[in-house]
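Colleague: Got a structure for you, questions after.
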Amino acid sequence: MSNNKKLVFSGVQPTGNLHLGNYLGAFKNFVSLQKESECIYCVVDLHAITVFQDPKKLKENILETTAGFLASGLDSNKSIIFNQSSVSEHAELGWILNCVARLGWLNRMTQFKDKAGSDKEKASVGLYIYPNLMAADILLYKATHVPVGADQKQHLELCRDIAQKFNNDFKSKNFFPLPEPLIQKNISRVMSLRDGLKKMSKSEESDYGRINLKDTADDISKKIKKAKTDSLPIPESEKELEKRPEALNLLNIYSDITKTSLKKVLEETKGKEFSYLKERLSEVLIETICPVGKKLKELTSDKTYLEEVLKKGREKASKKAEENLKKIREIVGLL
Ligand code: AQP
């Protein structure tokens with residue numbers, strides 16, 4: 001790495017339904033990093049439009065995601081919070097990196113395969129080259145650390161490959177640092193409550209697959225009650241959970257929220273029915289998520305305040321982006 005200063009960057013798509021996976025996999029990490037490092041957090045609206053978004057809804061979602069950052073504990077005086085499309089340098093660097101990344105690298109991206117589904121000819125070109133824009137988001141600020149859920153690890157590896165190739169091709173050793181992913185250890189991937197093999201996601205059709213940050217206490221206990229498990233009781237060891245993804249997911253969520261190791265949770269609950277765990281889990285989820293949801297709803301109703309936060313963030317981000325892009329243009333040979 002070219003210098004020792006830690007600079008954190010991460011983004012969240014404004015695609016609605018912020019959920020427990022976003023909170024445990026990303027937001028919580030964002031907040032703890034803000035205490036010790038310079039952090040830039042971005043509402044990545046250009047990523048969101050890689051699949052069609054209703055324009056009116058998109059505007060609302062940009063503000064709601066900003067509110068989600070703040071409700072989770074981010075402080076706009078400490079961290080830079082802004083929306084991606086308001087700093088046009090992201091798109092410009094995205095193009096330059098499109099010319100650095102190789103087709104073969106993108107062909108390996110599993111998220112494209114998942115999101116494009118069986119008829120990839122019909123997917124947007126944007127969805128295909130999305131990881132290059134993600135690399136631009138990070139490299140534009142020369143970020144060194146990127147807190148993300150485990151689902152983004154492959155994109156981060158691609159970003160490192162792109163940074164390295166740029167540095168080599170343009171004989172600019174160490175110009176771009178190779179950013180490191182910061183993935184939560186306990187629970188890097190929160191799974192759907194209906195299918196323990198699929199990640200909890202904003203776009204899952206059934207609302208019963210996820211806990212939304214805006215859910216009421218009633219919603220949460222209903223969803224946890226209905227969450228898929230199996231007929232066996234809670235086992236004694238982690239090994240016995242290997243083929244029980246839904247059971248493992250609920251135990252992992254409980255372990256993360258109560259800050260208790262999975263081993264200890266199993267010691268305390270072994271032999272009990274899942275209904276016992278579900279009750280405890282509902283209680284701790286309500287305690288953790290409902291205050292965030294309440295704040296989120298309050299903030300969402302203050303549009304002017306949210307727009308001010310984004311404007312202030314844009315000014316700070318633009319300054320850094322302009323400076324770095326100027327150097328990048330010089331290195332590439334653009335006049
Ligand atoms: N289930 C999850 N477990 C852990 N982390 C997760 N993240 C998302 N889902 C989980 C992390 O949250 C951050 C923001 O993600 P995003 O909303 O920008 O994109 P995504 O990963 O595509 O989220 P979704 O919910 O799956 O959205 P859709 O359904 O629209 O595709 C990222 O750091 C992500 O890792």
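Here's how to read the names in the structure tokens: chain A, B, ... by the order shown, residue numbers from 1 in each chain, ligand numbers from 1 in the order shown.
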For chain A against ligand 1, with a cut-off of 6 Å and counting only C-alpha atoms and all ligand atoms, what is the closest atom pair and its distance in Å to one decimal for every residue that makes the cut, ordered by chain and number, as CSV?
Modeller:
```
residue,atom,partner,partner_atom_place_in_ligand_line,distance
A:Val12,CA,ligand 1,18 (O),3.5
A:Gln13,CA,ligand 1,18 (O),3.8
A:Thr15,CA,ligand 1,30 (O),5.5
A:Gly21,CA,ligand 1,2 (C),3.7
A:Asn22,CA,ligand 1,12 (O),3.8
A:Gly25,CA,ligand 1,5 (N),3.6
A:Ala26,CA,ligand 1,12 (O),4.9
A:Val148,CA,ligand 1,33 (O),3.4
A:Gly149,CA,ligand 1,35 (O),3.1
A:Ala150,CA,ligand 1,35 (O),5.9
A:Asp151,CA,ligand 1,35 (O),5.3
A:Gln152,CA,ligand 1,35 (O),5.1
A:Ser188,CA,ligand 1,4 (C),5.3
A:Arg189,CA,ligand 1,3 (N),3.6
A:Val190,CA,ligand 1,3 (N),3.8
A:Met191,CA,ligand 1,1 (N),5.4
A:Lys199,CA,ligand 1,1 (N),4.4
A:Met200,CA,ligand 1,1 (N),3.9
A:Ser201,CA,ligand 1,25 (O),3.4
A:Lys202,CA,ligand 1,29 (O),3.9
A:Ser203,CA,ligand 1,29 (O),3.6
```
Colleague: Just want the 10 Å neighbourhood of Gln164 of chain A, counted on only C-alpha atoms, with same-chain residues fewer than 2 positions away dropped. Output as an mmCIF file with N, CA and C atoms, in the first residue's frame.
Modeller:
```cif
data_model
loop_
_atom_site.group_PDB
_atom_site.id
_atom_site.type_symbol
_atom_site.label_atom_id
_atom_site.label_comp_id
_atom_site.auth_asym_id
_atom_site.auth_seq_id
_atom_site.Cartn_x
_atom_site.Cartn_y
_atom_site.Cartn_z
ATOM 1 N N VAL A 100 -9.649 -0.650 -18.854
ATOM 2 C CA VAL A 100 -8.553 -1.367 -18.191
ATOM 3 C C VAL A 100 -8.985 -2.810 -17.883
ATOM 4 N N LEU A 158 -11.933 -8.035 -7.910
ATOM 5 C CA LEU A 158 -11.827 -7.473 -9.260
ATOM 6 C C LEU A 158 -11.266 -6.046 -9.188
ATOM 7 N N CYS A 159 -11.723 -5.278 -8.226
ATOM 8 C CA CYS A 159 -11.251 -3.904 -8.065
ATOM 9 C C CYS A 159 -9.732 -3.888 -7.844
ATOM 10 N N ARG A 160 -9.261 -4.833 -7.049
ATOM 11 C CA ARG A 160 -7.811 -4.908 -6.804
ATOM 12 C C ARG A 160 -7.068 -5.252 -8.098
ATOM 13 N N ASP A 161 -7.636 -6.161 -8.894
ATOM 14 C CA ASP A 161 -7.001 -6.528 -10.179
ATOM 15 C C ASP A 161 -6.943 -5.316 -11.109
ATOM 16 N N ILE A 162 -8.036 -4.560 -11.126
ATOM 17 C CA ILE A 162 -8.075 -3.379 -12.001
ATOM 18 C C ILE A 162 -7.036 -2.347 -11.540
ATOM 19 N N PHE A 166 -3.912 -1.090 -13.816
ATOM 20 C CA PHE A 166 -3.738 0.331 -14.120
ATOM 21 C C PHE A 166 -2.321 0.760 -13.705
ATOM 22 N N ASN A 167 -1.942 0.433 -12.465
ATOM 23 C CA ASN A 167 -0.608 0.828 -11.968
ATOM 24 C C ASN A 167 0.500 0.276 -12.877
ATOM 25 N N ASN A 168 0.335 -0.980 -13.321
ATOM 26 C CA ASN A 168 1.360 -1.596 -14.185
ATOM 27 C C ASN A 168 1.355 -0.990 -15.576
ATOM 28 N N ASP A 169 0.150 -0.926 -16.207
ATOM 29 C CA ASP A 169 0.051 -0.446 -17.588
ATOM 30 C C ASP A 169 0.625 0.963 -17.727
ATOM 31 N N SER A 172 2.784 3.392 -13.043
ATOM 32 C CA SER A 172 2.536 4.291 -11.908
ATOM 33 C C SER A 172 2.469 3.449 -10.642
ATOM 34 N N LYS A 173 3.623 2.895 -10.287
ATOM 35 C CA LYS A 173 3.676 1.975 -9.147
ATOM 36 C C LYS A 173 3.001 2.586 -7.919
ATOM 37 N N ASN A 174 2.123 1.821 -7.294
ATOM 38 C CA ASN A 174 1.444 2.258 -6.061
ATOM 39 C C ASN A 174 0.519 3.453 -6.222
ATOM 40 N N PHE A 175 0.194 3.857 -7.469
ATOM 41 C CA PHE A 175 -0.703 5.019 -7.596
ATOM 42 C C PHE A 175 -2.049 4.721 -6.931
ATOM 43 N N PHE A 176 -2.666 3.634 -7.359
ATOM 44 C CA PHE A 176 -3.890 3.211 -6.668
ATOM 45 C C PHE A 176 -3.499 2.221 -5.571
ATOM 46 N N PRO A 177 -3.940 2.452 -4.349
ATOM 47 C CA PRO A 177 -3.729 1.412 -3.329
ATOM 48 C C PRO A 177 -4.595 0.205 -3.672
ATOM 49 N N LEU A 178 -4.215 -0.982 -3.214
ATOM 50 C CA LEU A 178 -5.069 -2.153 -3.447
ATOM 51 C C LEU A 178 -6.016 -2.276 -2.245
#
```
Colleague: If DSSP is run on the backbone, what residues of segment 117-192 of chain A are strand (DSSP E)? A reply as a list of chain:residue names would be ideal.
Modeller: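 So the strand (DSSP E) residues in segment 117-192 of chain A would be A:His145, A:Val146, A:Pro147, A:Glu180, A:Pro181, A:Leu182.
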Colleague: Looking at A:Val43, A:Ile257, A:Leu70, A:Cys99, which one is nearest to Leu58 of chain A, with distances taken over only C-alpha atoms?
Modeller: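 For Leu58 of chain A, the nearest of the given residues is A:Val43.
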Colleague: What is the distance between atom CA of Ser79 of chain A and atom CA of Tyr41 of chain A, in Å to one decimal?
Modeller: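 We find that atom CA of Ser79 of chain A and atom CA of Tyr41 of chain A lie 7.1 Å from each other.
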Colleague: Calculated over only C-alpha atoms, which of the candidates A:His90, A:Lys153, A:Lys6, A:Lys142 has the smallest distance to Gln111 of chain A?
Modeller: A:Lys153
Colleague: Can you work out which one of A:Thr66, A:Ser10, A:Ile183, A:Gly104 has the shortest atom-to-atom distance to Met134 of chain A, counting only C-alpha atoms?
Modeller: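 Ranking A:Thr66, A:Ser10, A:Ile183, A:Gly104 by distance to Met134 of chain A, first place goes to A:Ser10.
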Colleague: Just how far from atom CA of Ile49 of chain A is atom CA of Lys78 of chain A, in Å to one decimal?
Modeller: 28.6 Å
Colleague: Quick one: pull the distance between atom CA of Ala247 of chain A and atom CA of Asn29 of chain A, Å, one decimal.
Modeller: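 According to the coordinates, atom CA of Ala247 of chain A and atom CA of Asn29 of chain A are separated by 24.4 Å.
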Colleague: Tell me, as a list of chain:residue names, which residues lie within 12 Å of Leu334 of chain A, counting only C-alpha atoms; anything in the same chain fewer than 6 positions away does not count.
Modeller: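 Near neighbours after the sequence-gap exclusion: A:Glu92, A:Ile96, A:Leu325, A:Lys326, A:Lys327, A:Ile328.
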Colleague: Neighbouring residues of Asp218 of chain A were defined as those with any atom within 9 Å, considering only C-alpha atoms; residues of the same chain fewer than 4 positions away were excluded. Please report them as a list in words.
Modeller: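 In the requested form, the answer reads Lys222, Lys223 and Ile286 of chain A.
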Colleague: Output the selection as a short mmCIF file (atom, residue, chain, number, x, y, z; two decimals), in the first residue's frame - N, CA and C atoms for each residue.
Modeller:
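The resulting result_29.cif:
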```
data_model
loop_
_atom_site.label_atom_id
_atom_site.label_comp_id
_atom_site.auth_asym_id
_atom_site.auth_seq_id
_atom_site.Cartn_x
_atom_site.Cartn_y
_atom_site.Cartn_z
N LYS A 222 -44.03 -11.63 13.89
CA LYS A 222 -44.74 -12.50 12.94
C LYS A 222 -43.75 -13.19 12.00
N LYS A 223 -42.80 -12.39 11.46
CA LYS A 223 -41.86 -12.94 10.48
C LYS A 223 -40.96 -14.01 11.11
N ILE A 286 -36.39 -6.84 18.03
CA ILE A 286 -37.27 -5.68 18.27
C ILE A 286 -36.49 -4.59 19.00
#
```
Colleague: Restricting the calculation to only C-alpha atoms: of A:Pro179, A:Gly196, A:Gly16, A:Gly126, which residue gets closest to Lys243 of chain A?
Modeller: A:Gly196
Colleague: Enumerate, as a ChimeraX atom specification, the complete set of residues in segment 82-178 of chain A that a backbone-based DSSP assignment places in alpha helix (DSSP H).
Modeller: /A:89-98,103-107,110-116,125-139,153-169
Colleague: Which is closer to Met109 of chain A than all the others in A:Ile129, A:Leu20, A:Leu93, A:Val332, using only C-alpha atoms?
Modeller: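 Checking each candidate against Met109 of chain A, we get A:Ile129 as the closest.
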Colleague: List the neighbours of Glu246 of chain A out to 8 Å using only C-alpha atoms; skip same-chain residues closer than 6 positions along the sequence, and give me the result as number ranges by chain.
Modeller: A: 191, 193-197, 228-230
Colleague: Mind dumping the selected residues with N, CA and C atoms as a PDB file, in the first residue's frame?
Modeller:
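So part_9.pdb came out as:
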```pdb
ATOM      1  N   MET A 191     -29.026 -14.657   5.771  1.00  0.00           N
ATOM      2  CA  MET A 191     -29.775 -15.370   4.746  1.00  0.00           C
ATOM      3  C   MET A 191     -31.270 -15.085   4.853  1.00  0.00           C
ATOM      4  N   LEU A 193     -35.156 -15.512   5.414  1.00  0.00           N
ATOM      5  CA  LEU A 193     -35.864 -16.277   6.451  1.00  0.00           C
ATOM      6  C   LEU A 193     -36.685 -17.413   5.841  1.00  0.00           C
ATOM      7  N   ARG A 194     -36.811 -17.400   4.531  1.00  0.00           N
ATOM      8  CA  ARG A 194     -37.592 -18.457   3.868  1.00  0.00           C
ATOM      9  C   ARG A 194     -36.729 -19.497   3.172  1.00  0.00           C
ATOM     10  N   ASP A 195     -35.461 -19.135   2.949  1.00  0.00           N
ATOM     11  CA  ASP A 195     -34.561 -20.052   2.256  1.00  0.00           C
ATOM     12  C   ASP A 195     -33.132 -19.774   2.735  1.00  0.00           C
ATOM     13  N   GLY A 196     -32.628 -20.659   3.554  1.00  0.00           N
ATOM     14  CA  GLY A 196     -31.327 -20.450   4.180  1.00  0.00           C
ATOM     15  C   GLY A 196     -30.157 -20.513   3.207  1.00  0.00           C
ATOM     16  N   LEU A 197     -30.424 -20.791   1.927  1.00  0.00           N
ATOM     17  CA  LEU A 197     -29.336 -20.827   0.950  1.00  0.00           C
ATOM     18  C   LEU A 197     -29.289 -19.550   0.113  1.00  0.00           C
ATOM     19  N   LYS A 228     -38.576 -20.155   8.320  1.00  0.00           N
ATOM     20  CA  LYS A 228     -38.420 -21.590   8.066  1.00  0.00           C
ATOM     21  C   LYS A 228     -37.372 -22.198   9.014  1.00  0.00           C
ATOM     22  N   THR A 229     -37.687 -23.318   9.613  1.00  0.00           N
ATOM     23  CA  THR A 229     -36.671 -24.100  10.347  1.00  0.00           C
ATOM     24  C   THR A 229     -36.897 -25.562   9.966  1.00  0.00           C
ATOM     25  N   ASP A 230     -36.435 -26.468  10.806  1.00  0.00           N
ATOM     26  CA  ASP A 230     -36.729 -27.871  10.517  1.00  0.00           C
ATOM     27  C   ASP A 230     -37.312 -28.491  11.785  1.00  0.00           C
TER      28      ASP A 230
END
```
Colleague: What lies within 8 Å of segment 298-303 of chain A using only C-alpha atoms, ignoring chain neighbours under 3 positions off, as a list in words?
Modeller: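 The filter keeps Leu63, Glu64, Ala67, Ala71, Lys294, Lys295, Leu306 and Glu307 of chain A.
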Colleague: Please dump the current selection as a PDB file, in the first residue's frame; keep N, CA and C atoms.
Modeller:
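Below is the file part.pdb, written as the result:
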```pdb
ATOM      1  N   LEU A  63     -33.215   9.333  -0.859  1.00  0.00           N
ATOM      2  CA  LEU A  63     -33.338  10.021   0.437  1.00  0.00           C
ATOM      3  C   LEU A  63     -33.512   9.001   1.567  1.00  0.00           C
ATOM      4  N   GLU A  64     -34.254   7.935   1.292  1.00  0.00           N
ATOM      5  CA  GLU A  64     -34.483   6.943   2.350  1.00  0.00           C
ATOM      6  C   GLU A  64     -33.185   6.202   2.722  1.00  0.00           C
ATOM      7  N   ALA A  67     -31.289   8.432   4.869  1.00  0.00           N
ATOM      8  CA  ALA A  67     -31.877   8.374   6.210  1.00  0.00           C
ATOM      9  C   ALA A  67     -31.450   7.087   6.927  1.00  0.00           C
ATOM     10  N   ALA A  71     -29.842   6.980  10.497  1.00  0.00           N
ATOM     11  CA  ALA A  71     -30.589   6.282  11.556  1.00  0.00           C
ATOM     12  C   ALA A  71     -29.747   5.169  12.181  1.00  0.00           C
ATOM     13  N   LYS A 294     -37.607   3.621  13.771  1.00  0.00           N
ATOM     14  CA  LYS A 294     -38.324   4.825  14.221  1.00  0.00           C
ATOM     15  C   LYS A 294     -37.574   6.072  13.735  1.00  0.00           C
ATOM     16  N   LYS A 295     -36.259   6.063  13.938  1.00  0.00           N
ATOM     17  CA  LYS A 295     -35.419   7.199  13.514  1.00  0.00           C
ATOM     18  C   LYS A 295     -35.481   7.340  11.985  1.00  0.00           C
ATOM     19  N   LEU A 306     -32.443  16.003   4.698  1.00  0.00           N
ATOM     20  CA  LEU A 306     -31.692  14.949   3.992  1.00  0.00           C
ATOM     21  C   LEU A 306     -30.995  15.522   2.756  1.00  0.00           C
ATOM     22  N   GLU A 307     -31.683  16.428   2.061  1.00  0.00           N
ATOM     23  CA  GLU A 307     -31.061  17.048   0.875  1.00  0.00           C
ATOM     24  C   GLU A 307     -29.843  17.893   1.271  1.00  0.00           C
TER      25      GLU A 307
END
```
